[in-house]
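Q: What follows is a single structure, and I will ask about it in a moment.
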Amino acid sequence: MIETDLEKRISAAAVRLFGKEAAQEARIQKTNNSLFGDYQSNFAMSSARALKRNPREIASALTDELSKEKCFEKVEVAGPGFINMTLKKEYLEEQVYDGIAPAKEISHKGAVIIDYSSPNIAKPMHVGHLRSTVIGDSLKRIFQFLGYQVIADSHLGDWGTQFGKLIVAYRRWLDPEAYKKNPVEELEKIYIRFEQESEKDPGLPEAARKELVKLQNHDPDNLALWEEFVQISLEEYSRLYQELDIHFDTMYGESHYHPLMPDIIRELKEKQVARESEGALVVFFEEEENLHPCIIQKKDGAFLYATSELACIAFRARQYEVNRMVYVTDARQESHFKQVFKIAMRLGWDFELVHVTFGLMGLKDGHFSTRKGNVIKLKDLISEAVTRARQVVDEKNPDLNDTDKKEVARVVGIGAVKYADLSQNRTSNVIFDWDKMLSFEGNTAPYLQYTYARIQSLRRKAEESGLLLPEGNVLDIVNETERTLAISLLQFPYSVHKAAEAYRPNIVAEQLFDIAQKYNTFYNSLPVLKEDEPTALSRLQLSVKTAEVLKVGLRLLGIKTVERM
RNA sequence: GCGUCCGUAGCUCAGCCGGAUAGAGCACCAGACUUCUAAUCUGGGGGUCACAGGUUCGAAUCCUGUCGGACGUGCCA
């Protein structure tokens, strides 16, 4: 990775000049203006105080030292002490040729468990599940890419009060025909009906409570129904996940952790982390922790969300060699996870626990609500996306055969939906907008996919005309347009690392967009196939490298590419 | 009340572990297809980075306060 390479050189130079105490991190960054070279370091200004020297003096000494390095064309001091570096052509070409695959970090001890998507049984997945699902999936791919062992888990909501209601509703109102055709939707429908009728008939909630108790006591009839609900829901989710190309290693529901909860309660009591309060078992926090008390066990003995979460952590610790657990959920659950993480710490469980949050998805006029019936189902969103993409393919590329068009429509439509979520870093709420989510122009997945397809077409044309890339590096980066693209390509591996560090796929998305923009500028202004062979080959290789990065990068976002579109 | 997050161009958002003239996309205006895919490219207009203080050589970025919005706040998940 070029950044670490350059940082190492700067650190080493600083140590040679100023001794060990200057070994502090030397951060470099890409310049925002080519007037200032390719990369800049602010080392001189940030370390001036510690070194008790004038920043310009430090900068100029460092500049002299760095000028000896063969990778720089030019190193200069500017302004109050910026060190501006321009890369040597050969170094740049070499880096682009074989430096864009991120260096895998080999020695990761233990697995990273990522917990995302997590739908509730008997409810169709809707757009509200989208962010967790695609962000989680992308993080999984990014961590795997960096050499981590990753376990992807969808933590199903398969236990709780809704099942009492569902059982009652099922026996009263189920439409067998509709159930056969679309089981999960029918379950949702009767659930809504239950909620509505409960307002008039207070007997209903009471009946539901009774059924719930029976279920919890393993009444065979209720248990069979519950299993049926779980089964049909899983079937539907699996279809959706398949379509989205999202795959889990485990999909344990809360019921899976239920048997473990009494042990958790015992441990919490033994270690005096929790204590009794108003009949319930509660964990209290310090004033400065700014957390509300967390109820572990209700006064009626029932367990709660936090209990289940703790049991889940304990289970994973026993089952795997864990290094880290990452939860991808919306921001509403932030304080819940803070509580759970604190409790885990007090129990002496030693993992890195991370909560990755994002804002809620809603509508212009308020929230999605199952009861209001204004939720947008994920299924519908996907099919609308594919339909719109198909229209564009028909229009733009009518010569494609039907099978290819179908494939392109799927890849582009789904890509657009995923990218719409992955390309932003919003912790504030987002408003759902069909046209925005299904845009195929500008900063979108189709733009990146189009750029890739264009290069593939170019490659085919090159092959047809007998222009073949030889083994080895034929890059000859001579003009500013090519150079700008090359530098952007070099940023890719670093962006993957940053994305992993910050749990933010949008960093990768942004880099890919920058690369694609620069490539398209290059493509529109510099011919490839019409040039003499050395130039043609160099530009072809630059194009092929770009395609490689786009493909790999899009895969990290869970987005596929097509060879023509 | 308290806590968390947010406020950047007409709209949607990047940038936020401080760095040089604050960037994209959409929309708008003007251009580029007999030339490797125009889902593209080039140029243009458009900003008190909510407001007020503070720290700093330097603040959209860090700190404090104010205003505005969202969410969470003891027995749901």
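The chains in the structure tokens are called A, B, ... from first to last as shown; in each chain the residues are counted from 1, and the ligands are counted from 1 in the order shown.
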Write out as a ChimeraX atom specification the residues lying within 12 Å of Trp349 in chain A, counting only C-alpha atoms (C1' of nucleotides) and excluding same-chain residues fewer than 6 positions away.
A: /A:267-268,310-311,313-318,322-324,340-343
Q: Could you pull the residues within 12 Å of range 239-246 of chain A, counting only C-alpha atoms (C1' of nucleotides), minus those fewer than 4 positions along the same chain, as a PDB file with C-alpha atoms, in the first residue's frame?
A:
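Just written: selection_11.pdb:
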ATOM      1  CA  TYR A 116     -26.900  -7.882  10.759  1.00  0.00           C
ATOM      2  CA  SER A 117     -30.196  -7.952   8.866  1.00  0.00           C
ATOM      3  CA  SER A 118     -32.071  -9.721  11.674  1.00  0.00           C
ATOM      4  CA  PRO A 119     -35.696  -9.725  10.513  1.00  0.00           C
ATOM      5  CA  PRO A 124     -41.956  -9.640   5.466  1.00  0.00           C
ATOM      6  CA  MET A 125     -38.656  -7.839   5.179  1.00  0.00           C
ATOM      7  CA  HIS A 126     -39.136  -4.223   4.236  1.00  0.00           C
ATOM      8  CA  HIS A 129     -34.062  -3.901   6.867  1.00  0.00           C
ATOM      9  CA  LEU A 130     -32.121  -2.804   3.848  1.00  0.00           C
ATOM     10  CA  SER A 132     -28.487  -3.242   8.104  1.00  0.00           C
ATOM     11  CA  THR A 133     -28.493  -5.999   5.515  1.00  0.00           C
ATOM     12  CA  VAL A 134     -26.348  -4.334   2.872  1.00  0.00           C
ATOM     13  CA  ILE A 135     -23.980  -2.575   5.261  1.00  0.00           C
ATOM     14  CA  GLY A 136     -23.453  -5.781   7.215  1.00  0.00           C
ATOM     15  CA  ASP A 137     -22.878  -7.763   4.058  1.00  0.00           C
ATOM     16  CA  SER A 138     -20.365  -5.250   2.777  1.00  0.00           C
ATOM     17  CA  LEU A 139     -18.484  -5.227   6.070  1.00  0.00           C
ATOM     18  CA  LYS A 140     -18.367  -8.988   5.930  1.00  0.00           C
ATOM     19  CA  ARG A 141     -16.825  -8.864   2.465  1.00  0.00           C
ATOM     20  CA  ALA A 152     -22.130 -13.665   9.426  1.00  0.00           C
ATOM     21  CA  ASP A 153     -25.160 -14.064  11.659  1.00  0.00           C
ATOM     22  CA  SER A 154     -28.707 -12.911  11.134  1.00  0.00           C
ATOM     23  CA  ILE A 232     -42.091 -20.361   6.152  1.00  0.00           C
ATOM     24  CA  SER A 233     -40.470 -17.106   7.144  1.00  0.00           C
ATOM     25  CA  LEU A 234     -37.016 -18.563   6.711  1.00  0.00           C
ATOM     26  CA  GLU A 235     -37.961 -19.837   3.299  1.00  0.00           C
ATOM     27  CA  MET A 251     -29.304 -17.547  11.477  1.00  0.00           C
ATOM     28  CA  LYS A 377     -41.527  -4.436   1.080  1.00  0.00           C
ATOM     29  CA  LEU A 378     -38.025  -5.326   0.068  1.00  0.00           C
ATOM     30  CA  LYS A 379     -39.432  -7.696  -2.519  1.00  0.00           C
ATOM     31  CA  ASP A 380     -41.359  -4.871  -4.164  1.00  0.00           C
ATOM     32  CA  LEU A 381     -38.406  -2.543  -4.091  1.00  0.00           C
ATOM     33  CA  ILE A 382     -36.224  -5.094  -5.809  1.00  0.00           C
ATOM     34  CA  SER A 383     -38.749  -5.927  -8.471  1.00  0.00           C
ATOM     35  CA  VAL A 386     -35.212  -4.606 -11.876  1.00  0.00           C
ATOM     36  CA  GLU A 407     -29.219 -10.546 -16.202  1.00  0.00           C
ATOM     37  CA  ARG A 410     -31.093  -7.751 -12.232  1.00  0.00           C
ATOM     38  CA  VAL A 411     -27.487  -6.839 -11.616  1.00  0.00           C
ATOM     39  CA  VAL A 412     -28.022  -3.159 -12.335  1.00  0.00           C
ATOM     40  CA  GLY A 413     -31.312  -2.826 -10.491  1.00  0.00           C
ATOM     41  CA  ILE A 414     -30.126  -4.552  -7.351  1.00  0.00           C
ATOM     42  CA  GLY A 415     -26.769  -2.819  -7.572  1.00  0.00           C
ATOM     43  CA  ALA A 416     -28.485   0.563  -7.654  1.00  0.00           C
ATOM     44  CA  VAL A 417     -30.509  -0.240  -4.555  1.00  0.00           C
ATOM     45  CA  LYS A 418     -27.532  -1.471  -2.566  1.00  0.00           C
ATOM     46  CA  ARG A 555     -17.737  -6.966  -4.937  1.00  0.00           C
ATOM     47  CA  LEU A 556     -16.728  -5.504  -1.592  1.00  0.00           C
ATOM     48  CA  LEU A 557     -19.999  -3.633  -1.705  1.00  0.00           C
ATOM     49  CA  GLY A 558     -21.846  -6.800  -2.653  1.00  0.00           C
ATOM     50  CA  ILE A 559     -22.458  -5.505  -6.162  1.00  0.00           C
ATOM     51  CA  LYS A 560     -21.893  -7.518  -9.317  1.00  0.00           C
TER      52      LYS A 560
END
Q: Nearest to Gln517 in chain A: which of B:G25, B:G43, B:G68, B:G54 is it, counting only C-alpha atoms (C1' of nucleotides)?
A: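 Counting only C-alpha atoms (C1' of nucleotides), the residue closest to Gln517 in chain A is B:G25.
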Q: List as a ChimeraX atom specification the protein and nucleic acid residues near Ile515 in chain A, meaning an atom at most 7 Å away when only C-alpha atoms (C1' of nucleotides) are counted, but skip any in the same chain fewer than 4 places from it.
A: /A:485,488-489,511,519
Q: Based on only C-alpha atoms (C1' of nucleotides), which of the residues in chain B come within 12 Å of chain A? I want them as a PyMOL selection string.
A: chain B and resi 2-7+11-26+32-33+35-42+56-58+69-77
Q: What's around Lys88 in chain A at 9 Å? Count only C-alpha atoms (C1' of nucleotides), leave out sequence neighbours fewer than 3 positions away in its own chain, and write the answer as a PyMOL selection string.
A: chain A and resi 70-74+91-93
Q: As a PyMOL selection string, please: every residue in range 242-449 of chain A that DSSP puts in alpha helix (DSSP H).
A: chain A and resi 242-244+254-257+261-270+305-319+334-346+378-396+402-422+434-437+445-449
Q: Could you tell me which of A:Val356, A:Met85, A:Met361, A:Ile142 comes closest to His497 in chain A if we count only C-alpha atoms?
A: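 The shortest atom-to-atom distance to His497 in chain A comes from A:Ile142.
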Q: Please give the complete set of residues from range 310-394 of chain A that DSSP, run on the backbone, assigns to strand (DSSP E or B), formatted as a PyMOL selection string.
A: chain A and resi 322-330+352-358+361-363+366+377
Q: Keeping C-alpha atoms, export the residues of the selection given above as a compact mmCIF listing (two decimals), in the first residue's frame.
A:
# COMPACT_ATOMS: atom_id res chain seq x y z
CA VAL A 322 -13.91 -14.78 18.87
CA ASN A 323 -11.97 -11.63 18.50
CA ARG A 324 -14.69 -9.15 17.85
CA MET A 325 -18.46 -8.86 17.56
CA VAL A 326 -19.99 -6.25 15.35
CA TYR A 327 -23.67 -5.31 15.48
CA VAL A 328 -25.20 -3.47 12.58
CA THR A 329 -28.51 -1.89 13.60
CA ASP A 330 -30.25 1.44 13.49
CA GLU A 352 -14.14 -6.06 21.24
CA LEU A 353 -17.83 -5.24 20.95
CA VAL A 354 -18.82 -2.76 18.31
CA HIS A 355 -22.13 -1.19 17.45
CA VAL A 356 -22.35 0.13 13.92
CA THR A 357 -25.31 2.48 13.71
CA PHE A 358 -27.15 4.26 10.97
CA MET A 361 -35.47 5.06 7.04
CA GLY A 362 -38.80 6.79 6.88
CA LEU A 363 -41.26 8.55 4.62
CA GLY A 366 -43.62 10.05 9.01
CA LYS A 377 -41.53 -4.44 1.08
Q: May I ask for the distance between CA of Leu156 in chain A and CA of Ser255 in chain A, given in Å to one decimal place?
A: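 Calculated distance between CA of Leu156 in chain A and CA of Ser255 in chain A is 8.8 Å.
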